[in-house]
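Here is the file start_38.cif (mmCIF, C-alpha atoms, pLDDT in the B column; chains and numbers go by the auth columns).
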```cif
data_run
#
loop_
_atom_site.group_PDB
_atom_site.id
_atom_site.type_symbol
_atom_site.label_atom_id
_atom_site.label_comp_id
_atom_site.label_asym_id
_atom_site.label_seq_id
_atom_site.Cartn_x
_atom_site.Cartn_y
_atom_site.Cartn_z
_atom_site.B_iso_or_equiv
_atom_site.auth_seq_id
_atom_site.auth_asym_id
ATOM 1 C CA ASP A 1 60.373 220.390 64.114 70.00 1 P
ATOM 2 C CA VAL A 2 63.945 221.518 63.713 69.00 2 P
ATOM 3 C CA LYS A 3 66.243 219.207 65.548 91.00 3 P
ATOM 4 C CA VAL A 4 69.850 219.859 66.496 96.00 4 P
ATOM 5 C CA THR A 5 71.509 217.056 68.391 96.00 5 P
ATOM 6 C CA GLN A 6 74.854 216.969 70.149 96.00 6 P
ATOM 7 C CA SER A 7 76.779 213.777 70.652 90.00 7 P
ATOM 8 C CA SER A 8 77.177 214.006 74.419 92.00 8 P
ATOM 9 C CA ARG A 9 75.427 215.841 77.237 94.00 9 P
ATOM 10 C CA TYR A 10 78.357 215.508 79.649 96.00 10 P
ATOM 11 C CA LEU A 11 82.025 214.824 79.074 96.00 11 P
ATOM 12 C CA VAL A 12 84.960 214.531 81.437 97.00 12 P
ATOM 13 C CA LYS A 13 88.416 214.700 79.887 97.00 13 P
ATOM 14 C CA ARG A 14 91.998 215.018 81.068 97.00 14 P
ATOM 15 C CA THR A 15 94.288 217.913 80.289 97.00 15 P
ATOM 16 C CA GLY A 16 96.081 217.325 76.995 97.00 16 P
ATOM 17 C CA GLU A 17 93.480 214.960 75.565 97.00 17 P
ATOM 18 C CA LYS A 18 92.041 215.511 72.099 97.00 18 P
ATOM 19 C CA VAL A 19 88.301 216.087 72.378 97.00 19 P
ATOM 20 C CA PHE A 20 85.670 215.791 69.674 97.00 20 P
ATOM 21 C CA LEU A 21 82.227 217.349 70.022 97.00 21 P
ATOM 22 C CA GLU A 22 79.771 216.514 67.301 97.00 22 P
ATOM 23 C CA CYS A 23 76.623 218.274 66.180 97.00 23 P
ATOM 24 C CA VAL A 24 73.997 217.069 63.721 97.00 24 P
ATOM 25 C CA GLN A 25 71.035 219.003 62.329 96.00 25 P
ATOM 26 C CA ASP A 26 68.180 217.559 60.327 95.00 26 P
ATOM 27 C CA MET A 27 66.825 220.680 58.593 91.00 27 P
ATOM 28 C CA ASP A 28 69.247 220.973 55.680 92.00 28 P
ATOM 29 C CA HIS A 29 70.538 224.250 57.099 92.00 29 P
ATOM 30 C CA GLU A 30 73.474 225.925 55.402 91.00 30 P
ATOM 31 C CA ASN A 31 74.862 227.607 58.514 91.00 31 P
ATOM 32 C CA MET A 32 76.183 225.916 61.621 94.00 32 P
ATOM 33 C CA PHE A 33 77.746 227.464 64.691 95.00 33 P
ATOM 34 C CA TRP A 34 79.696 226.481 67.797 97.00 34 P
ATOM 35 C CA TYR A 35 79.411 228.603 70.935 97.00 35 P
ATOM 36 C CA ARG A 36 80.680 228.296 74.440 97.00 36 P
ATOM 37 C CA GLN A 37 78.574 229.524 77.319 96.00 37 P
ATOM 38 C CA ASP A 38 80.108 230.708 80.567 93.00 38 P
ATOM 39 C CA PRO A 39 78.360 232.435 83.496 88.00 39 P
ATOM 40 C CA GLY A 40 78.429 236.200 83.125 86.00 40 P
ATOM 41 C CA LEU A 41 79.907 236.012 79.639 90.00 41 P
ATOM 42 C CA GLY A 42 76.889 234.870 77.677 90.00 42 P
ATOM 43 C CA LEU A 43 77.312 232.958 74.447 94.00 43 P
ATOM 44 C CA ARG A 44 80.579 233.470 72.627 94.00 44 P
ATOM 45 C CA LEU A 45 81.052 232.305 69.054 94.00 45 P
ATOM 46 C CA ILE A 46 83.965 229.928 68.508 96.00 46 P
ATOM 47 C CA TYR A 47 83.588 229.019 64.831 96.00 47 P
ATOM 48 C CA PHE A 48 80.894 228.948 62.233 93.00 48 P
ATOM 49 C CA SER A 49 80.408 227.329 58.858 94.00 49 P
ATOM 50 C CA TYR A 50 78.229 228.544 56.009 89.00 50 P
ATOM 51 C CA ASP A 51 78.769 225.599 53.701 90.00 51 P
ATOM 52 C CA VAL A 52 80.380 222.186 53.567 93.00 52 P
ATOM 53 C CA LYS A 53 84.144 222.443 54.065 90.00 53 P
ATOM 54 C CA MET A 54 83.832 226.200 54.697 91.00 54 P
ATOM 55 C CA LYS A 55 84.574 227.695 58.076 93.00 55 P
ATOM 56 C CA GLU A 56 85.190 231.061 59.641 92.00 56 P
ATOM 57 C CA LYS A 57 86.638 232.022 62.982 94.00 57 P
ATOM 58 C CA GLY A 58 84.362 233.509 65.553 92.00 58 P
ATOM 59 C CA ASP A 59 85.339 235.622 68.516 90.00 59 P
ATOM 60 C CA ILE A 60 87.286 233.005 70.509 95.00 60 P
ATOM 61 C CA PRO A 61 88.779 230.406 68.106 96.00 61 P
ATOM 62 C CA GLU A 62 92.071 229.886 69.931 96.00 62 P
ATOM 63 C CA GLY A 63 92.562 226.291 71.039 96.00 63 P
ATOM 64 C CA TYR A 64 89.745 224.996 68.830 97.00 64 P
ATOM 65 C CA SER A 65 89.309 223.718 65.308 97.00 65 P
ATOM 66 C CA VAL A 66 86.274 222.558 63.367 97.00 66 P
ATOM 67 C CA SER A 67 85.344 220.211 60.595 97.00 67 P
ATOM 68 C CA ARG A 68 82.368 220.131 58.282 97.00 68 P
ATOM 69 C CA GLU A 69 82.557 217.291 55.792 96.00 69 P
ATOM 70 C CA LYS A 70 78.796 216.855 55.404 96.00 70 P
ATOM 71 C CA LYS A 71 76.095 219.497 55.402 95.00 71 P
ATOM 72 C CA GLU A 72 74.284 218.106 58.428 96.00 72 P
ATOM 73 C CA ARG A 73 77.329 217.580 60.648 97.00 73 P
ATOM 74 C CA PHE A 74 79.662 220.085 62.306 97.00 74 P
ATOM 75 C CA SER A 75 82.407 218.960 64.648 97.00 75 P
ATOM 76 C CA LEU A 76 84.322 220.970 67.213 98.00 76 P
ATOM 77 C CA ILE A 77 87.801 219.719 68.078 98.00 77 P
ATOM 78 C CA LEU A 78 89.879 220.612 71.088 97.00 78 P
ATOM 79 C CA GLU A 79 93.356 219.603 69.961 94.00 79 P
ATOM 80 C CA SER A 80 94.808 219.523 73.474 97.00 80 P
ATOM 81 C CA ALA A 81 92.208 220.154 76.144 97.00 81 P
ATOM 82 C CA SER A 82 93.045 222.581 78.918 97.00 82 P
ATOM 83 C CA THR A 83 91.247 223.345 82.167 97.00 83 P
ATOM 84 C CA ASN A 84 90.189 226.760 80.895 96.00 84 P
ATOM 85 C CA GLN A 85 88.138 225.009 78.234 98.00 85 P
ATOM 86 C CA THR A 86 85.804 223.631 80.889 98.00 86 P
ATOM 87 C CA SER A 87 82.490 225.048 79.750 97.00 87 P
ATOM 88 C CA MET A 88 79.089 224.453 78.200 97.00 88 P
ATOM 89 C CA TYR A 89 79.344 224.034 74.432 98.00 89 P
ATOM 90 C CA LEU A 90 76.337 224.813 72.284 98.00 90 P
ATOM 91 C CA CYS A 91 75.819 224.035 68.632 97.00 91 P
ATOM 92 C CA ALA A 92 73.311 225.915 66.473 96.00 92 P
ATOM 93 C CA SER A 93 72.156 225.908 62.875 94.00 93 P
ATOM 94 C CA SER A 94 70.257 228.301 60.645 90.00 94 P
ATOM 95 C CA SER A 95 69.066 228.577 57.130 86.00 95 P
ATOM 96 C CA GLN A 96 70.560 231.259 54.920 78.00 96 P
ATOM 97 C CA GLY A 97 68.316 234.272 54.763 69.00 97 P
ATOM 98 C CA LEU A 98 66.038 233.179 57.608 60.00 98 P
ATOM 99 C CA GLY A 99 68.083 234.315 60.586 72.00 99 P
ATOM 100 C CA THR A 100 66.706 232.146 63.338 86.00 100 P
ATOM 101 C CA GLN A 101 69.353 229.996 64.980 91.00 101 P
ATOM 102 C CA TYR A 102 68.228 226.687 66.419 93.00 102 P
ATOM 103 C CA PHE A 103 70.277 225.328 69.296 96.00 103 P
ATOM 104 C CA GLY A 104 71.139 221.874 70.483 96.00 104 P
ATOM 105 C CA PRO A 105 70.874 220.917 74.180 95.00 105 P
ATOM 106 C CA GLY A 106 74.543 221.572 74.849 96.00 106 P
ATOM 107 C CA THR A 107 77.529 219.529 76.012 97.00 107 P
ATOM 108 C CA ARG A 108 78.918 220.260 79.438 96.00 108 P
ATOM 109 C CA LEU A 109 82.659 219.587 79.263 97.00 109 P
ATOM 110 C CA LEU A 110 84.833 219.252 82.330 97.00 110 P
ATOM 111 C CA VAL A 111 88.596 219.180 81.777 97.00 111 P
ATOM 112 C CA LEU A 112 90.561 217.896 84.757 97.00 112 P
ATOM 113 C CA GLN B 1 81.055 248.402 68.193 59.00 1 T
ATOM 114 C CA GLN B 2 80.143 244.759 67.986 72.00 2 T
ATOM 115 C CA GLN B 3 78.957 244.489 71.599 88.00 3 T
ATOM 116 C CA VAL B 4 75.446 244.097 72.852 94.00 4 T
ATOM 117 C CA LYS B 5 75.100 245.223 76.466 95.00 5 T
ATOM 118 C CA GLN B 6 72.393 243.522 78.497 96.00 6 T
ATOM 119 C CA SER B 7 71.015 244.420 81.908 96.00 7 T
ATOM 120 C CA PRO B 8 70.260 243.473 84.578 96.00 8 T
ATOM 121 C CA GLN B 9 72.365 240.384 85.156 95.00 9 T
ATOM 122 C CA SER B 10 69.675 238.923 87.389 96.00 10 T
ATOM 123 C CA LEU B 11 66.097 239.795 88.178 97.00 11 T
ATOM 124 C CA ILE B 12 63.596 238.645 90.781 98.00 12 T
ATOM 125 C CA VAL B 13 59.925 239.380 90.171 98.00 13 T
ATOM 126 C CA GLN B 14 56.760 238.460 91.992 97.00 14 T
ATOM 127 C CA LYS B 15 54.207 236.319 90.212 97.00 15 T
ATOM 128 C CA GLY B 16 51.933 238.560 88.172 97.00 16 T
ATOM 129 C CA GLY B 17 54.494 241.334 87.935 97.00 17 T
ATOM 130 C CA ILE B 18 56.239 242.766 84.886 98.00 18 T
ATOM 131 C CA SER B 19 59.761 241.648 84.045 98.00 19 T
ATOM 132 C CA ILE B 20 61.865 244.068 82.010 98.00 20 T
ATOM 133 C CA ILE B 21 65.222 243.275 80.450 98.00 21 T
ATOM 134 C CA ASN B 22 67.177 245.867 78.509 98.00 22 T
ATOM 135 C CA CYS B 23 69.758 245.692 75.750 97.00 23 T
ATOM 136 C CA ALA B 24 71.811 248.343 73.992 97.00 24 T
ATOM 137 C CA TYR B 25 73.956 248.205 70.887 95.00 25 T
ATOM 138 C CA GLU B 26 76.341 250.478 69.004 92.00 26 T
ATOM 139 C CA ASN B 27 76.479 249.163 65.467 88.00 27 T
ATOM 140 C CA THR B 28 73.711 250.714 63.377 87.00 28 T
ATOM 141 C CA ALA B 29 74.193 247.991 60.756 86.00 29 T
ATOM 142 C CA PHE B 30 72.408 245.512 63.027 89.00 30 T
ATOM 143 C CA ASP B 31 68.986 244.816 61.613 87.00 31 T
ATOM 144 C CA TYR B 32 67.601 241.781 63.398 89.00 32 T
ATOM 145 C CA PHE B 33 67.121 241.533 67.149 93.00 33 T
ATOM 146 C CA PRO B 34 66.032 238.186 68.599 94.00 34 T
ATOM 147 C CA TRP B 35 65.457 237.214 72.199 97.00 35 T
ATOM 148 C CA TYR B 36 66.268 233.706 73.349 97.00 36 T
ATOM 149 C CA GLN B 37 64.996 231.865 76.424 98.00 37 T
ATOM 150 C CA GLN B 38 67.043 229.144 78.067 97.00 38 T
ATOM 151 C CA PHE B 39 65.858 226.754 80.752 96.00 39 T
ATOM 152 C CA PRO B 40 68.386 224.872 82.897 92.00 40 T
ATOM 153 C CA GLY B 41 69.873 221.925 81.050 88.00 41 T
ATOM 154 C CA LYS B 42 68.488 223.046 77.705 92.00 42 T
ATOM 155 C CA GLY B 43 69.790 224.998 74.751 94.00 43 T
ATOM 156 C CA PRO B 44 68.461 228.503 74.099 96.00 44 T
ATOM 157 C CA ALA B 45 65.249 228.726 72.084 95.00 45 T
ATOM 158 C CA LEU B 46 63.947 231.671 70.102 94.00 46 T
ATOM 159 C CA LEU B 47 61.289 233.542 72.048 96.00 47 T
ATOM 160 C CA ILE B 48 60.517 236.592 69.933 95.00 48 T
ATOM 161 C CA ALA B 49 62.378 238.773 67.429 93.00 49 T
ATOM 162 C CA ILE B 50 62.051 242.225 65.908 92.00 50 T
ATOM 163 C CA ARG B 51 63.411 244.191 62.972 89.00 51 T
ATOM 164 C CA PRO B 52 64.128 247.923 63.245 87.00 52 T
ATOM 165 C CA ASP B 53 61.273 248.977 60.971 89.00 53 T
ATOM 166 C CA VAL B 54 58.791 248.505 63.846 91.00 54 T
ATOM 167 C CA SER B 55 58.884 249.943 67.361 93.00 55 T
ATOM 168 C CA GLU B 56 57.052 247.151 69.130 95.00 56 T
ATOM 169 C CA LYS B 57 56.200 243.497 68.675 95.00 57 T
ATOM 170 C CA LYS B 58 53.922 241.522 70.929 96.00 58 T
ATOM 171 C CA GLU B 59 53.455 237.778 71.211 95.00 59 T
ATOM 172 C CA GLY B 60 51.189 236.776 74.045 96.00 60 T
ATOM 173 C CA ARG B 61 52.684 238.025 77.305 97.00 61 T
ATOM 174 C CA PHE B 62 56.019 238.864 75.666 97.00 62 T
ATOM 175 C CA THR B 63 56.690 242.249 74.063 97.00 63 T
ATOM 176 C CA ILE B 64 59.797 243.685 72.456 96.00 64 T
ATOM 177 C CA SER B 65 60.095 247.462 72.500 95.00 65 T
ATOM 178 C CA PHE B 66 62.607 248.919 70.060 95.00 66 T
ATOM 179 C CA ASN B 67 64.073 252.431 70.116 93.00 67 T
ATOM 180 C CA LYS B 68 66.130 252.908 66.974 92.00 68 T
ATOM 181 C CA SER B 69 67.381 256.397 67.794 92.00 69 T
ATOM 182 C CA ALA B 70 68.591 255.325 71.235 94.00 70 T
ATOM 183 C CA LYS B 71 69.912 252.017 69.887 94.00 71 T
ATOM 184 C CA GLN B 72 68.108 250.149 72.629 96.00 72 T
ATOM 185 C CA PHE B 73 65.599 247.337 72.788 97.00 73 T
ATOM 186 C CA SER B 74 63.907 245.644 75.668 97.00 74 T
ATOM 187 C CA LEU B 75 61.876 242.577 76.538 98.00 75 T
ATOM 188 C CA HIS B 76 58.784 242.963 78.684 98.00 76 T
ATOM 189 C CA ILE B 77 57.143 239.924 80.227 98.00 77 T
ATOM 190 C CA MET B 78 53.653 240.794 81.427 97.00 78 T
ATOM 191 C CA ASP B 79 51.937 238.821 84.188 98.00 79 T
ATOM 192 C CA SER B 80 55.185 236.968 84.906 98.00 80 T
ATOM 193 C CA GLN B 81 54.770 233.342 85.948 97.00 81 T
ATOM 194 C CA PRO B 82 57.079 230.931 87.818 97.00 82 T
ATOM 195 C CA GLY B 83 57.355 228.981 84.546 97.00 83 T
ATOM 196 C CA ASP B 84 59.039 232.036 82.999 98.00 84 T
ATOM 197 C CA SER B 85 62.007 231.537 85.336 98.00 85 T
ATOM 198 C CA ALA B 86 64.893 231.096 82.914 97.00 86 T
ATOM 199 C CA THR B 87 67.886 232.881 81.466 97.00 87 T
ATOM 200 C CA TYR B 88 67.121 235.362 78.706 98.00 88 T
ATOM 201 C CA PHE B 89 69.575 236.475 76.036 97.00 89 T
ATOM 202 C CA CYS B 90 69.195 239.334 73.628 97.00 90 T
ATOM 203 C CA ALA B 91 71.101 239.263 70.377 94.00 91 T
ATOM 204 C CA ALA B 92 71.753 241.376 67.322 93.00 92 T
ATOM 205 C CA SER B 93 72.554 240.385 63.789 88.00 93 T
ATOM 206 C CA MET B 94 73.435 242.021 60.511 80.00 94 T
ATOM 207 C CA LYS B 95 71.761 241.225 57.250 67.00 95 T
ATOM 208 C CA SER B 96 74.206 238.803 55.736 61.00 96 T
ATOM 209 C CA GLY B 97 74.233 235.267 54.467 54.00 97 T
ATOM 210 C CA THR B 98 75.288 233.742 57.758 59.00 98 T
ATOM 211 C CA TYR B 99 73.244 235.907 60.136 67.00 99 T
ATOM 212 C CA LYS B 100 76.018 235.730 62.712 82.00 100 T
ATOM 213 C CA TYR B 101 74.654 236.781 66.105 90.00 101 T
ATOM 214 C CA ILE B 102 76.200 238.956 68.780 91.00 102 T
ATOM 215 C CA PHE B 103 74.683 237.893 72.102 93.00 103 T
ATOM 216 C CA GLY B 104 74.206 239.837 75.293 94.00 104 T
ATOM 217 C CA THR B 105 75.561 238.371 78.510 94.00 105 T
ATOM 218 C CA GLY B 106 72.189 237.066 79.681 95.00 106 T
ATOM 219 C CA THR B 107 69.678 237.825 82.439 97.00 107 T
ATOM 220 C CA ARG B 108 68.696 235.204 84.962 97.00 108 T
ATOM 221 C CA LEU B 109 65.029 235.727 85.784 98.00 109 T
ATOM 222 C CA LYS B 110 63.376 234.220 88.831 98.00 110 T
ATOM 223 C CA VAL B 111 59.639 234.616 89.271 98.00 111 T
ATOM 224 C CA LEU B 112 58.473 233.989 92.819 97.00 112 T
ATOM 225 C CA ALA B 113 55.238 232.066 93.317 92.00 113 T
#
```
Mind turning the file's structure into structure tokens?
Amino acid sequence: DVKVTQSSRYLVKRTGEKVFLECVQDMDHENMFWYRQDPGLGLRLIYFSYDVKMKEKGDIPEGYSVSREKKERFSLILESASTNQTSMYLCASSSQGLGTQYFGPGTRLLVL
Amino acid sequence: QQQVKQSPQSLIVQKGGISIINCAYENTAFDYFPWYQQFPGKGPALLIAIRPDVSEKKEGRFTISFNKSAKQFSLHIMDSQPGDSATYFCAASMKSGTYKYIFGTGTRLKVLA
């Protein structure tokens, strides 16, 4: 079974804090994605990576950065958390050419 | 052109009824259309997917109908069950190395017992 794990299920942070969200997949997938999910807005792509050390901006990259030093691990960084970044964050991975994205369980982040 | 429009936003169906969720797209370069199901507290999981070379795909009680000329596709859930209560997302993707998805805004389905 494909497994995508996320480091935390729930996080509470203060405004201005640096926040790290980590995602690990065990299927040797080339592609990894970070989304945020908000009611009525669906899933919006923040960043994605198609190879180690490679990254591309998604639709809403402002206020976020990412890091992919190893193939199985993709980190999302909030440099200075703000209240409008309170959301559910979902990580996904896929194999090149296959299409199917496999999602982790999500991290619900609350920024106070 | 990159949007996928999904409707309705929420849907209530009686047990045994048919649930229908619709999606529309503009970009004719899209060539892969998956549907994802998400239960509360879980990440989305692939339910069923279709490519534009077929007009219908059925897996158990779930069917995707695809209308290429209208640029629309829909999910039909036959004999809906309370266990189908979840949020459903349609998506579209172009044939490329990353298979980046454009998701619809989601439909919250509640099936009454």
Need the shell around Leu46 (chain T): protein/DNA/RNA residues with any atom at most 10 Å away, counting all atoms listed in the file. Skip same-chain ones fewer than 5 positions apart. Format as a PyMOL selection string?
(chain P and resi 100-103) or (chain T and resi 34-38+88-90)
**OP:** On this file, the PyMOL selection byres ((chain P) within 10 of (chain T)) gives some set of residues; write that set as a VMD selection string.
**Re:** chain P and resid 4 9 30 to 33 37 to 45 48 to 51 58 to 59 88 to 108
(message) Around (87.1, 217.9, 85.9), as given in the file, which residues come within 9 Å? Count only C-alpha atoms and list them as a ChimeraX atom specification.
(response) /P:12-14,83,86,109-112
So that I can check the surroundings of region 13-19 of chain T, please list as a VMD selection string every protein, DNA and RNA residue that reaches within 7 Å of it, counting all atoms listed in the file and ignoring chain neighbours fewer than 6 positions away. chain T and resid 76 to 82 110 to 113
(message) What does the structure give for the distance between CA of His29 (chain P) and CA of Lys71 (chain P), in Å to one decimal?
(response)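 Answer for the CA of His29 (chain P) to CA of Lys71 (chain P) separation: 7.5 Å.
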Worksheet item: For the atom pair CA of Arg68 (chain P) and CA of Gly16 (chain P), what is the interatomic distance in Å to one decimal place?
Response: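 Going from CA of Arg68 (chain P) over to CA of Gly16 (chain P) covers 23.4 Å.
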All file atoms of region 77-85 of chain T boxed axis-aligned, 3 Å per side, centre plus edges, as JSON:
```
{"center_x": 57.0, "center_y": 234.9, "center_z": 84.0, "size_x": 16.1, "size_y": 17.8, "size_z": 13.6}
```
For the file shown, what are the residues hit by the PyMOL selection byres ((chain P and resi 64) around 12), laid out as a ChimeraX atom specification? /P:18-21,34-36,45-48,56-63,65-67,75-82,85,89
Using CA of Ile21 (chain T) and CA of Gln2 (chain T) as the two end points, give the distance in Å to one decimal.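 Taking CA of Ile21 (chain T) as the start and CA of Gln2 (chain T) as the end point, the length is 19.5 Å.
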task = Apply the PyMOL selection byres ((chain T and resi 26) around 7) to the file shown and report the selected residues as a PyMOL selection string.
result = chain T and resi 1-2+25+27-28+71
Taking (70.6, 217.0, 58.1) in the file's coordinates as the center, which residues reach within 10 Å of it, counting only C-alpha atoms, put as JSON, numbers by chain?
{"P": [2, 3, 4, 24, 25, 26, 27, 28, 29, 30, 70, 71, 72, 73]}
